[in-house]
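Engineer: One structure follows; several queries about it will come next.
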Amino acid sequence: MRSIILSTVARAMLPILIMFSLFLLWRGHNEPGGGFTGGLVAAAGVILFSLAYSPRAARRVVRVDLKTLTGFGLLMAAGSGTVAVFAGKPFLTGVWWKLAGPQGSTIELGTPFFFDLGVYLVVIGVTLSILFSKAEEEERP
Amino acid sequence: MVTPALAILSLFTLGLLAPFLFALLPRHAGKLLCLPPAFWCGWFWSKTPASGQTWTSPWIPELGITFSFRLDGLASLFAILITGIGAMVLLYTEGYCGAKPGSGRLYGLLLLFLASMLGVVLADDAILLFLFWEATSVTSFLLIGFEHERANARRGAVQALMVTGGGGLALLAGLLVIVQQTGQGRISAWGPLAGDPLYLAMFALVAIGCFTKSAQFPFHFWLPNAMTAPTPVSAYLHSATMVKAGVYLLARLSGSLGGTEVWTWTLTLVGGATMLTGTLLALRQTDLKRLLAYSTVAALGTMVFVLARGGAEAASAFAAFVLAHALYKGALFLVAGAIDHTADSRDAFRLGGLWQRAPVLATASTLAGLGMMGVAPLAFLAKETLVDGLLSPPDVPSLIVFGVMAAGAVAIAGIVAFRPFFGKADPAIADGHKPDAPLLTGPAVLAVLGIVGGLTPTFVFERIGGPVAAAIGGGTDPHPWALWHGFGAPLAFSVGTLALGLAVYRAWPAWIARAAPWPSFGFDRAYDAGLRGTVSVARAFTRTIQNGRLRAYLQTTIATFLVLVTLAAVRWNPSPQIRLDTALPHEALLALAMLLAVLAAVRSVSRLAAVVTLGVVGFGVALTYALFGAPDLAMTQIAVETLTVILFVLTFYHLPRFARGSGTRTRAVDALLATGVGATMAAITLVASQRLLGTPISAHFAENSLAEAHGRNVVNVILVDYRGLDTLGEITVLSIAGLGVVALWTFGRRAAKGGSA
């Protein structure tokens, strides 16, 4: 049973939700948001898509294997912590760079952002793995 | 620089390489591998008499643990025995195993054991000593269970590990108490501890460790069962070295723990009981190796017995006996293995007449047997020195116990060393093959050394007896070893026990032939019963706790939480104040909505209604977060709530029909628990907001968040920066949990498919 309304909405909502989740991730350091919330929102977007079409179609949209995504997120979080070690500071100390932004502004970018990105990826990976494996079970009665 | 550490390290490395060497040169592995231990044996011999040389380097300075080693007379005696007999045993293994595949592992394990044992006797740091001690237990476990396809080898191995490992725990506790009380990890720095308030605990714990390791009564039962090991292993670990580790440690600590009434009485009684038990049980055996094992138990008892006395004379007698025993008992074990190899039997009752087939072996066996009887020079010397000590002043009960043990040793020596070669053979014994050179070298060398050592008493005393007396006896022995003590009481004692022993030997075959089987109770049975009891108690416990009912798990967890918090609340009595007058209308409305939703969820008769009403509660919580200034939490809560509903929808159709499965009583208990948790959590929240136990750290985070961590969202800064390690741990757990859920679902699906197909 496929609802044309749901499919259309899901198709339209998916990019918006992903962009919103990235927005949450990016602003998280200064405004409400962050990797955890962002990851959940992105996962919700994909799940909506999978409900409208099929888990298999949704897996195709994600492109990457979810286990790889989870592992990569973990690796990124842990890796962002090791940057400080090379700078002679304790593991997971924040290291910051100042980048030149548009119109003379500066953008501060630090390892905590990559840490948060890792959290974001892990949350997406785990949430989708659990929900997909359940949803695929439903497909084959 | 050549140090004990280098000896241990090189032999460990050799042990790791041995399997590869065996793979390359299977026929010559023993010949080659015995060379390094032989070299170290010579080195240790050349180093004595060493007056307590020490080496040290830091390891874990925070805990005061060091890599420190000590080489004094006592350590030197044991190091010489370990490396020297080890070399002989490795050579013997070549003849015993030949090129049998898998023997590389035996060589490797023997060498690893050798290095660990060397570590035990050379270590000067309590923790280091304990590590080596445990390493000998573990390698011994692997060696006893070497032929792991046999059930009784596995049983013997597990039993030895249980007994010595359990004792090892006691030893660790004892050593830690001493380290704690003295503030010293170095054993050489420990003074007399008899005055310490915890002396009894130290002594009892250390003694349990030593008694289990050295198979003292009532822990003696594991040693005969360890005879399921290949014979080189039995000869090496269970007569010459490992079982002496406990004796060694008692000797080593006799300066610190000895000299008290408790020490003297405990060691005398335990040693005496072990001597009698070992001797009497040995005479009931017909298997050569079990005979030797029980006589080893008796000999270990003798050593403990001698250590009870203390002083330079006892120390020197101890050294003589340890040396003599290692030589003759090692030789006899190797002979037993060669007999097994030659005649395919170890039955002392049926074997006989082997001297024609193996004259060299017969000679070695005779010499070693004379040693065990206390007739061969070195053993005679040891026995005379021991008896000398017991006679001045005469100690009648000890003399009787020692006399029984000595007479028993004579009889056992006759049974294992002479009867198989010179007795009448049972015609049913098969014709075997002749032993070859590697099988003969070990026993021959050890037996001959037992003779030669005794013929040059002054020389050996200078190298062994004197230094040991200096190390643990607190001075020089006024009576250096001498072979001939003249006609006197010690000689009369020797002749008397010899005569008694020979009489027992003559009576033995008839006795064995008509002996009824013993009642099958013993410490071995007690061990089995204990093990079975432990397993069944554990099983019953697990069945109660892990009963597989989720409701019971939740109830237990919640009830425990409630009890603990209530107890804390009663003691602390925080008495929070409830003020409803500050609530704003919309807050009250929200609370009311959530309350109604909860009531509806509890009373609902449809699953969908329950899910929806619970969703109302969830979103209400999110709204509360938003109202009280926690937008991050609110957002997360909403996202989680949404996904939970989705998950539920996915599971919906698979659930059984919604039915009220539980009765009124169960529901009443559930209601009680649920209300209890709700009330407790509310109270905790109230108390937390009204009472401050210290300055909250949130102010510090809020102030420094931007300056230090370049972020204005404190919640997020805490998550990714201040508490980054926590978050890393959490996402790791999350990933593992996710993998687990997927695996469970996938395997469940596969199993269902497999079942239907």
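Following the order of the structure tokens, first chain is A, next is B, and so on, with residues numbered from 1 inside each chain and ligands from 1 in the order they appear.
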Considering only alpha helix (DSSP H) as DSSP defines it on the backbone, what residues of stretch 61-126 of chain A qualify? List them as a PyMOL selection string.
Structural biologist: chain A and resi 61-62+66-86+111-126
Engineer: Generate a file of the selected residues that holds N, CA and C atoms, formatted as an mmCIF file, in the first residue's frame.
Structural biologist:
data_model
loop_
_atom_site.group_PDB
_atom_site.id
_atom_site.type_symbol
_atom_site.label_atom_id
_atom_site.label_comp_id
_atom_site.auth_asym_id
_atom_site.auth_seq_id
_atom_site.Cartn_x
_atom_site.Cartn_y
_atom_site.Cartn_z
ATOM 1 N N VAL A 61 19.144 5.405 -0.818
ATOM 2 C CA VAL A 61 19.311 6.850 -0.665
ATOM 3 C C VAL A 61 20.515 7.146 0.227
ATOM 4 N N VAL A 62 20.687 6.345 1.289
ATOM 5 C CA VAL A 62 21.806 6.583 2.202
ATOM 6 C C VAL A 62 23.142 6.279 1.517
ATOM 7 N N LEU A 66 25.435 1.079 6.614
ATOM 8 C CA LEU A 66 25.212 1.737 7.913
ATOM 9 C C LEU A 66 26.283 1.365 8.922
ATOM 10 N N LYS A 67 26.773 0.112 8.838
ATOM 11 C CA LYS A 67 27.854 -0.277 9.761
ATOM 12 C C LYS A 67 29.096 0.558 9.503
ATOM 13 N N THR A 68 29.366 0.798 8.190
ATOM 14 C CA THR A 68 30.516 1.628 7.844
ATOM 15 C C THR A 68 30.327 3.035 8.387
ATOM 16 N N LEU A 69 29.088 3.536 8.233
ATOM 17 C CA LEU A 69 28.796 4.896 8.698
ATOM 18 C C LEU A 69 29.054 5.010 10.205
ATOM 19 N N THR A 70 28.532 4.021 10.969
ATOM 20 C CA THR A 70 28.709 4.031 12.417
ATOM 21 C C THR A 70 30.207 3.984 12.777
ATOM 22 N N GLY A 71 30.900 3.046 12.144
ATOM 23 C CA GLY A 71 32.325 2.897 12.437
ATOM 24 C C GLY A 71 33.096 4.147 12.083
ATOM 25 N N PHE A 72 32.739 4.744 10.944
ATOM 26 C CA PHE A 72 33.440 5.951 10.527
ATOM 27 C C PHE A 72 33.198 7.081 11.529
ATOM 28 N N GLY A 73 31.960 7.174 12.029
ATOM 29 C CA GLY A 73 31.645 8.193 13.030
ATOM 30 C C GLY A 73 32.469 8.014 14.281
ATOM 31 N N LEU A 74 32.535 6.774 14.750
ATOM 32 C CA LEU A 74 33.327 6.486 15.958
ATOM 33 C C LEU A 74 34.778 6.872 15.738
ATOM 34 N N LEU A 75 35.280 6.480 14.554
ATOM 35 C CA LEU A 75 36.684 6.750 14.234
ATOM 36 C C LEU A 75 36.938 8.252 14.198
ATOM 37 N N MET A 76 35.965 8.986 13.646
ATOM 38 C CA MET A 76 36.135 10.440 13.543
ATOM 39 C C MET A 76 36.142 11.071 14.943
ATOM 40 N N ALA A 77 35.216 10.635 15.805
ATOM 41 C CA ALA A 77 35.168 11.185 17.160
ATOM 42 C C ALA A 77 36.480 10.911 17.896
ATOM 43 N N ALA A 78 36.934 9.650 17.819
ATOM 44 C CA ALA A 78 38.170 9.302 18.514
ATOM 45 C C ALA A 78 39.357 10.011 17.872
ATOM 46 N N GLY A 79 39.325 10.086 16.507
ATOM 47 C CA GLY A 79 40.435 10.726 15.794
ATOM 48 C C GLY A 79 40.542 12.195 16.128
ATOM 49 N N SER A 80 39.381 12.882 16.280
ATOM 50 C CA SER A 80 39.424 14.308 16.603
ATOM 51 C C SER A 80 40.091 14.518 17.964
ATOM 52 N N GLY A 81 39.962 13.506 18.833
ATOM 53 C CA GLY A 81 40.596 13.625 20.135
ATOM 54 C C GLY A 81 42.097 13.463 20.068
ATOM 55 N N THR A 82 42.559 12.669 19.103
ATOM 56 C CA THR A 82 44.006 12.407 19.054
ATOM 57 C C THR A 82 44.792 13.586 18.500
ATOM 58 N N VAL A 83 44.085 14.519 17.815
ATOM 59 C CA VAL A 83 44.802 15.690 17.274
ATOM 60 C C VAL A 83 45.559 16.388 18.406
ATOM 61 N N ALA A 84 44.863 16.517 19.562
ATOM 62 C CA ALA A 84 45.474 17.198 20.699
ATOM 63 C C ALA A 84 46.728 16.466 21.179
ATOM 64 N N VAL A 85 46.695 15.138 21.065
ATOM 65 C CA VAL A 85 47.846 14.365 21.533
ATOM 66 C C VAL A 85 49.093 14.737 20.757
ATOM 67 N N PHE A 86 48.907 14.954 19.427
ATOM 68 C CA PHE A 86 50.061 15.334 18.617
ATOM 69 C C PHE A 86 50.539 16.734 18.967
ATOM 70 N N THR A 111 38.484 20.999 16.754
ATOM 71 C CA THR A 111 38.290 19.546 16.779
ATOM 72 C C THR A 111 36.963 19.142 17.427
ATOM 73 N N PRO A 112 36.425 19.925 18.404
ATOM 74 C CA PRO A 112 35.117 19.536 18.933
ATOM 75 C C PRO A 112 34.044 19.448 17.873
ATOM 76 N N PHE A 113 34.170 20.233 16.811
ATOM 77 C CA PHE A 113 33.180 20.141 15.750
ATOM 78 C C PHE A 113 33.251 18.769 15.080
ATOM 79 N N PHE A 114 34.484 18.312 14.837
ATOM 80 C CA PHE A 114 34.617 16.994 14.192
ATOM 81 C C PHE A 114 34.168 15.886 15.144
ATOM 82 N N PHE A 115 34.381 16.142 16.426
ATOM 83 C CA PHE A 115 33.878 15.197 17.430
ATOM 84 C C PHE A 115 32.360 15.096 17.312
ATOM 85 N N ASP A 116 31.711 16.272 17.229
ATOM 86 C CA ASP A 116 30.255 16.331 17.134
ATOM 87 C C ASP A 116 29.786 15.691 15.833
ATOM 88 N N LEU A 117 30.561 15.886 14.762
ATOM 89 C CA LEU A 117 30.236 15.265 13.475
ATOM 90 C C LEU A 117 30.267 13.747 13.626
ATOM 91 N N GLY A 118 31.245 13.250 14.387
ATOM 92 C CA GLY A 118 31.316 11.817 14.648
ATOM 93 C C GLY A 118 30.082 11.330 15.379
ATOM 94 N N VAL A 119 29.662 12.099 16.398
ATOM 95 C CA VAL A 119 28.452 11.748 17.146
ATOM 96 C C VAL A 119 27.257 11.691 16.206
ATOM 97 N N TYR A 120 27.155 12.693 15.354
ATOM 98 C CA TYR A 120 26.081 12.800 14.364
ATOM 99 C C TYR A 120 26.011 11.537 13.506
ATOM 100 N N LEU A 121 27.166 11.114 12.976
ATOM 101 C CA LEU A 121 27.196 9.943 12.100
ATOM 102 C C LEU A 121 26.831 8.671 12.860
ATOM 103 N N VAL A 122 27.361 8.545 14.089
ATOM 104 C CA VAL A 122 27.061 7.340 14.878
ATOM 105 C C VAL A 122 25.564 7.257 15.148
ATOM 106 N N VAL A 123 24.958 8.397 15.521
ATOM 107 C CA VAL A 123 23.524 8.385 15.843
ATOM 108 C C VAL A 123 22.716 7.985 14.619
ATOM 109 N N ILE A 124 23.054 8.557 13.451
ATOM 110 C CA ILE A 124 22.336 8.172 12.227
ATOM 111 C C ILE A 124 22.509 6.680 11.970
ATOM 112 N N GLY A 125 23.757 6.227 12.041
ATOM 113 C CA GLY A 125 24.054 4.829 11.712
ATOM 114 C C GLY A 125 23.295 3.874 12.603
ATOM 115 N N VAL A 126 23.364 4.107 13.903
ATOM 116 C CA VAL A 126 22.750 3.164 14.842
ATOM 117 C C VAL A 126 21.229 3.202 14.723
#
Engineer: Using only C-alpha atoms and a distance of at most 6 Å, pull out the residues of chain B that contact chain A, as an mmCIF file with all heavy atoms, in the first residue's frame.
Structural biologist:
data_model
loop_
_atom_site.group_PDB
_atom_site.id
_atom_site.type_symbol
_atom_site.label_atom_id
_atom_site.label_comp_id
_atom_site.auth_asym_id
_atom_site.auth_seq_id
_atom_site.Cartn_x
_atom_site.Cartn_y
_atom_site.Cartn_z
ATOM 1 N N ASP B 632 17.768 22.319 24.048
ATOM 2 C CA ASP B 632 18.475 21.159 23.501
ATOM 3 C C ASP B 632 17.785 19.869 23.891
ATOM 4 O O ASP B 632 17.557 18.990 23.071
ATOM 5 C CB ASP B 632 19.907 21.138 24.022
ATOM 6 C CG ASP B 632 20.750 22.193 23.365
ATOM 7 O OD1 ASP B 632 21.191 21.931 22.243
ATOM 8 O OD2 ASP B 632 20.941 23.265 23.972
ATOM 9 N N THR B 636 15.827 17.052 21.500
ATOM 10 C CA THR B 636 16.204 15.648 21.511
ATOM 11 C C THR B 636 15.025 14.782 21.919
ATOM 12 O O THR B 636 14.749 13.745 21.314
ATOM 13 C CB THR B 636 17.371 15.435 22.480
ATOM 14 O OG1 THR B 636 18.352 16.417 22.203
ATOM 15 C CG2 THR B 636 17.970 14.061 22.321
ATOM 16 N N ALA B 639 12.613 14.366 19.074
ATOM 17 C CA ALA B 639 13.117 13.456 18.043
ATOM 18 C C ALA B 639 13.026 12.011 18.515
ATOM 19 O O ALA B 639 12.587 11.115 17.779
ATOM 20 C CB ALA B 639 14.565 13.814 17.703
ATOM 21 N N GLY B 711 32.531 28.212 22.582
ATOM 22 C CA GLY B 711 31.143 27.903 22.272
ATOM 23 C C GLY B 711 30.213 28.565 23.260
ATOM 24 O O GLY B 711 30.540 28.684 24.443
ATOM 25 N N ARG B 712 29.041 29.004 22.789
ATOM 26 C CA ARG B 712 28.105 29.659 23.693
ATOM 27 C C ARG B 712 27.062 28.692 24.217
ATOM 28 O O ARG B 712 26.428 28.937 25.217
ATOM 29 C CB ARG B 712 27.406 30.832 22.972
ATOM 30 C CG ARG B 712 28.284 32.066 22.857
ATOM 31 C CD ARG B 712 27.475 33.266 22.388
ATOM 32 N NE ARG B 712 26.806 33.006 21.122
ATOM 33 C CZ ARG B 712 27.364 33.178 19.933
ATOM 34 N NH1 ARG B 712 28.594 33.629 19.850
ATOM 35 N NH2 ARG B 712 26.684 32.927 18.829
ATOM 36 N N ASN B 713 26.850 27.557 23.512
ATOM 37 C CA ASN B 713 25.873 26.569 23.977
ATOM 38 C C ASN B 713 26.550 25.643 24.987
ATOM 39 O O ASN B 713 27.261 24.714 24.635
ATOM 40 C CB ASN B 713 25.324 25.776 22.795
ATOM 41 C CG ASN B 713 24.318 24.737 23.244
ATOM 42 O OD1 ASN B 713 24.039 24.606 24.436
ATOM 43 N ND2 ASN B 713 23.781 24.007 22.296
ATOM 44 N N ASN B 716 26.102 21.826 24.774
ATOM 45 C CA ASN B 716 26.877 21.164 23.737
ATOM 46 C C ASN B 716 28.361 21.172 24.058
ATOM 47 O O ASN B 716 29.069 20.187 23.799
ATOM 48 C CB ASN B 716 26.607 21.858 22.392
ATOM 49 C CG ASN B 716 27.190 21.065 21.247
ATOM 50 O OD1 ASN B 716 28.275 21.368 20.785
ATOM 51 N ND2 ASN B 716 26.489 20.021 20.835
ATOM 52 N N VAL B 720 30.688 17.846 24.019
ATOM 53 C CA VAL B 720 31.758 17.544 23.067
ATOM 54 C C VAL B 720 33.126 17.953 23.576
ATOM 55 O O VAL B 720 34.134 17.573 22.990
ATOM 56 C CB VAL B 720 31.517 18.209 21.693
ATOM 57 C CG1 VAL B 720 30.217 17.716 21.106
ATOM 58 C CG2 VAL B 720 31.539 19.715 21.796
ATOM 59 N N SER B 735 26.932 2.296 19.621
ATOM 60 C CA SER B 735 27.242 1.507 18.423
ATOM 61 C C SER B 735 27.152 0.027 18.724
ATOM 62 O O SER B 735 26.589 -0.746 17.940
ATOM 63 C CB SER B 735 28.655 1.817 17.935
ATOM 64 O OG SER B 735 28.850 3.191 17.855
ATOM 65 N N GLY B 738 23.601 -1.003 19.050
ATOM 66 C CA GLY B 738 22.983 -1.054 17.728
ATOM 67 C C GLY B 738 23.343 -2.336 17.002
ATOM 68 O O GLY B 738 22.481 -3.048 16.474
ATOM 69 N N VAL B 742 20.743 -5.367 15.823
ATOM 70 C CA VAL B 742 20.674 -5.839 14.437
ATOM 71 C C VAL B 742 21.020 -7.329 14.373
ATOM 72 O O VAL B 742 20.338 -8.118 13.705
ATOM 73 C CB VAL B 742 21.640 -5.024 13.553
ATOM 74 C CG1 VAL B 742 21.700 -5.618 12.164
ATOM 75 C CG2 VAL B 742 21.188 -3.579 13.490
#
Engineer: Which residues, written as a compact mmCIF listing (two decimals) with C-alpha atoms, in the first residue's frame, have at least one atom at most 7 Å from stretch 67-83 of chain B, with only C-alpha atoms counted and residues fewer than 2 positions away on the same chain left out?
Structural biologist:
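Output file out-v2.txt follows:
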# COMPACT_ATOMS: atom_id res chain seq x y z
CA PRO B 4 69.43 -12.83 36.83
CA PRO B 37 69.86 -23.85 30.87
CA ALA B 38 73.08 -25.84 31.36
CA TRP B 40 73.02 -20.72 33.30
CA CYS B 41 73.41 -23.57 35.76
CA PHE B 44 74.78 -19.68 39.04
CA TRP B 45 77.23 -22.27 40.40
CA THR B 48 78.08 -18.74 44.79
CA PRO B 49 78.83 -18.21 47.58
CA ALA B 50 77.17 -14.90 46.83
CA SER B 51 76.40 -12.77 49.84
CA GLY B 52 73.04 -11.46 48.71
CA GLN B 53 73.78 -9.51 45.55
CA THR B 54 70.75 -7.47 44.39
CA TRP B 55 69.73 -5.79 41.16
CA THR B 56 66.89 -3.35 40.79
CA SER B 57 65.24 -1.06 38.27
CA PRO B 58 61.95 0.83 38.54
CA TRP B 59 58.78 -0.63 37.05
CA ILE B 85 67.68 -30.48 36.31
CA GLY B 86 65.84 -28.49 33.65
CA ALA B 87 68.68 -29.15 31.21
CA LEU B 114 61.75 -23.05 33.80
CA LEU B 118 63.69 -19.09 38.04
CA VAL B 121 63.42 -17.86 43.33
CA LEU B 122 65.28 -14.78 42.09
CA ALA B 123 62.61 -12.09 42.51
CA ASP B 124 63.11 -9.70 45.38
CA ASP B 125 59.93 -7.69 44.85
CA LEU B 128 57.15 -9.60 40.91
CA THR B 241 61.03 -27.71 41.22
CA ILE B 464 75.44 -24.81 48.99
CA PRO B 467 75.45 -19.89 51.78
CA VAL B 468 71.93 -21.18 52.51
CA ALA B 471 70.86 -16.53 53.82
Engineer: For stretch 278-283 of chain B, work out the shell of residues within 7 Å, counting only C-alpha atoms and skipping chain neighbours fewer than 3 positions away, then give it as an MDAnalysis selection string.
Structural biologist: chainID B and resid 274:275 291 294:295 297:298 405 408 412
Engineer: Take the selection from the previous step and output its residues with all heavy atoms, as a PDB file, in the first residue's frame.
Structural biologist:
ATOM      1  N   THR B 274      51.861 -34.196  56.815  1.00  0.00           N
ATOM      2  CA  THR B 274      52.130 -34.457  55.400  1.00  0.00           C
ATOM      3  C   THR B 274      53.093 -35.636  55.244  1.00  0.00           C
ATOM      4  O   THR B 274      52.918 -36.482  54.359  1.00  0.00           O
ATOM      5  CB  THR B 274      52.721 -33.207  54.750  1.00  0.00           C
ATOM      6  OG1 THR B 274      51.924 -32.090  55.111  1.00  0.00           O
ATOM      7  CG2 THR B 274      52.763 -33.334  53.251  1.00  0.00           C
ATOM      8  N   MET B 275      54.109 -35.703  56.103  1.00  0.00           N
ATOM      9  CA  MET B 275      55.065 -36.805  56.032  1.00  0.00           C
ATOM     10  C   MET B 275      54.358 -38.142  56.220  1.00  0.00           C
ATOM     11  O   MET B 275      54.564 -39.099  55.461  1.00  0.00           O
ATOM     12  CB  MET B 275      56.128 -36.643  57.135  1.00  0.00           C
ATOM     13  CG  MET B 275      57.175 -35.602  56.827  1.00  0.00           C
ATOM     14  SD  MET B 275      57.958 -35.025  58.337  1.00  0.00           S
ATOM     15  CE  MET B 275      59.183 -36.295  58.563  1.00  0.00           C
ATOM     16  N   LEU B 291      53.375 -43.790  43.210  1.00  0.00           N
ATOM     17  CA  LEU B 291      54.227 -44.102  44.357  1.00  0.00           C
ATOM     18  C   LEU B 291      55.199 -42.957  44.621  1.00  0.00           C
ATOM     19  O   LEU B 291      55.360 -42.469  45.748  1.00  0.00           O
ATOM     20  CB  LEU B 291      55.031 -45.369  44.064  1.00  0.00           C
ATOM     21  CG  LEU B 291      54.472 -46.700  44.566  1.00  0.00           C
ATOM     22  CD1 LEU B 291      55.028 -47.831  43.742  1.00  0.00           C
ATOM     23  CD2 LEU B 291      54.841 -46.874  46.025  1.00  0.00           C
ATOM     24  N   TYR B 294      53.443 -39.696  45.916  1.00  0.00           N
ATOM     25  CA  TYR B 294      53.135 -39.662  47.348  1.00  0.00           C
ATOM     26  C   TYR B 294      54.407 -39.562  48.175  1.00  0.00           C
ATOM     27  O   TYR B 294      54.434 -38.910  49.216  1.00  0.00           O
ATOM     28  CB  TYR B 294      52.315 -40.893  47.747  1.00  0.00           C
ATOM     29  CG  TYR B 294      50.841 -40.724  47.484  1.00  0.00           C
ATOM     30  CD1 TYR B 294      50.185 -41.479  46.540  1.00  0.00           C
ATOM     31  CD2 TYR B 294      50.115 -39.779  48.200  1.00  0.00           C
ATOM     32  CE1 TYR B 294      48.837 -41.307  46.300  1.00  0.00           C
ATOM     33  CE2 TYR B 294      48.765 -39.609  47.967  1.00  0.00           C
ATOM     34  CZ  TYR B 294      48.120 -40.369  47.018  1.00  0.00           C
ATOM     35  OH  TYR B 294      46.787 -40.183  46.795  1.00  0.00           O
ATOM     36  N   SER B 295      55.497 -40.227  47.723  1.00  0.00           N
ATOM     37  CA  SER B 295      56.732 -40.104  48.496  1.00  0.00           C
ATOM     38  C   SER B 295      57.281 -38.679  48.379  1.00  0.00           C
ATOM     39  O   SER B 295      57.918 -38.175  49.302  1.00  0.00           O
ATOM     40  CB  SER B 295      57.750 -41.142  48.046  1.00  0.00           C
ATOM     41  OG  SER B 295      58.514 -40.666  46.983  1.00  0.00           O
ATOM     42  N   VAL B 297      55.297 -36.067  48.284  1.00  0.00           N
ATOM     43  CA  VAL B 297      54.491 -35.363  49.287  1.00  0.00           C
ATOM     44  C   VAL B 297      55.150 -35.489  50.653  1.00  0.00           C
ATOM     45  O   VAL B 297      55.326 -34.509  51.392  1.00  0.00           O
ATOM     46  CB  VAL B 297      53.050 -35.925  49.310  1.00  0.00           C
ATOM     47  CG1 VAL B 297      52.290 -35.399  50.510  1.00  0.00           C
ATOM     48  CG2 VAL B 297      52.323 -35.587  48.028  1.00  0.00           C
ATOM     49  N   ALA B 298      55.585 -36.737  50.978  1.00  0.00           N
ATOM     50  CA  ALA B 298      56.228 -36.950  52.273  1.00  0.00           C
ATOM     51  C   ALA B 298      57.511 -36.133  52.389  1.00  0.00           C
ATOM     52  O   ALA B 298      57.792 -35.530  53.435  1.00  0.00           O
ATOM     53  CB  ALA B 298      56.520 -38.433  52.458  1.00  0.00           C
ATOM     54  N   MET B 405      58.796 -41.781  58.306  1.00  0.00           N
ATOM     55  CA  MET B 405      59.000 -41.273  56.946  1.00  0.00           C
ATOM     56  C   MET B 405      60.244 -41.903  56.327  1.00  0.00           C
ATOM     57  O   MET B 405      60.233 -42.330  55.158  1.00  0.00           O
ATOM     58  CB  MET B 405      59.129 -39.745  57.002  1.00  0.00           C
ATOM     59  CG  MET B 405      59.180 -39.082  55.658  1.00  0.00           C
ATOM     60  SD  MET B 405      60.878 -38.900  55.115  1.00  0.00           S
ATOM     61  CE  MET B 405      60.639 -38.316  53.465  1.00  0.00           C
ATOM     62  N   GLY B 408      59.625 -45.533  55.528  1.00  0.00           N
ATOM     63  CA  GLY B 408      58.758 -45.584  54.357  1.00  0.00           C
ATOM     64  C   GLY B 408      59.539 -45.305  53.090  1.00  0.00           C
ATOM     65  O   GLY B 408      59.353 -45.970  52.064  1.00  0.00           O
ATOM     66  N   ILE B 412      59.714 -47.616  49.834  1.00  0.00           N
ATOM     67  CA  ILE B 412      59.283 -47.113  48.519  1.00  0.00           C
ATOM     68  C   ILE B 412      60.436 -47.178  47.524  1.00  0.00           C
ATOM     69  O   ILE B 412      60.253 -47.548  46.353  1.00  0.00           O
ATOM     70  CB  ILE B 412      58.752 -45.670  48.655  1.00  0.00           C
ATOM     71  CG1 ILE B 412      57.519 -45.668  49.547  1.00  0.00           C
ATOM     72  CG2 ILE B 412      58.405 -45.104  47.297  1.00  0.00           C
ATOM     73  CD1 ILE B 412      57.167 -44.301  50.081  1.00  0.00           C
TER      74      ILE B 412
END
Engineer: I want to know what sits within 12 Å of B:Thr277, based on only C-alpha atoms, with residues of the same chain fewer than 6 positions away left out; could you give that as a PyMOL selection string?
Structural biologist: chain B and resi 215-221+269-271+283-284+293-302+401+404-405+408+522-523
Engineer: Could you tell me which of A:Ala58, A:Trp26, A:Gly88, A:Lys98 comes closest to A:Leu14 if we count only C-alpha atoms?
Structural biologist: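 That would be A:Ala58, the residue with the smallest distance to A:Leu14.
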Engineer: Can you tell me, as a VMD selection string, what residues are no more than 10 Å from B:Gly389 when counting only C-alpha atoms, ignoring any on the same chain fewer than 6 positions away?
Structural biologist: chain B and resid 306 309 313 to 314 317 383 395 490
Engineer: Run DSSP on the backbone and tell me which residues of stretch 56-118 of chain A come out as strand (DSSP E); list them as a ChimeraX atom specification.
Structural biologist: /A:96-100,106-110
Engineer: For a test of reading the model, state the distance in Å between atom CA of B:Asn547 and atom CA of B:Arg667, rounded to one decimal.
Structural biologist: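 Result for atom CA of B:Asn547 versus atom CA of B:Arg667: 20.0 Å, one decimal.
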Engineer: Would you compute the distance between atom CA of B:Ser689 and atom CA of B:Val616? Give it in Å to one decimal.
Structural biologist: 25.8 Å
Engineer: Just checking: using only C-alpha atoms, which residue out of B:Glu147, B:Leu590, B:Met635, B:Phe652 ends up closest to B:Val617?
Structural biologist: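 Going through B:Glu147, B:Leu590, B:Met635, B:Phe652 one by one, the smallest distance to B:Val617 is for B:Leu590.
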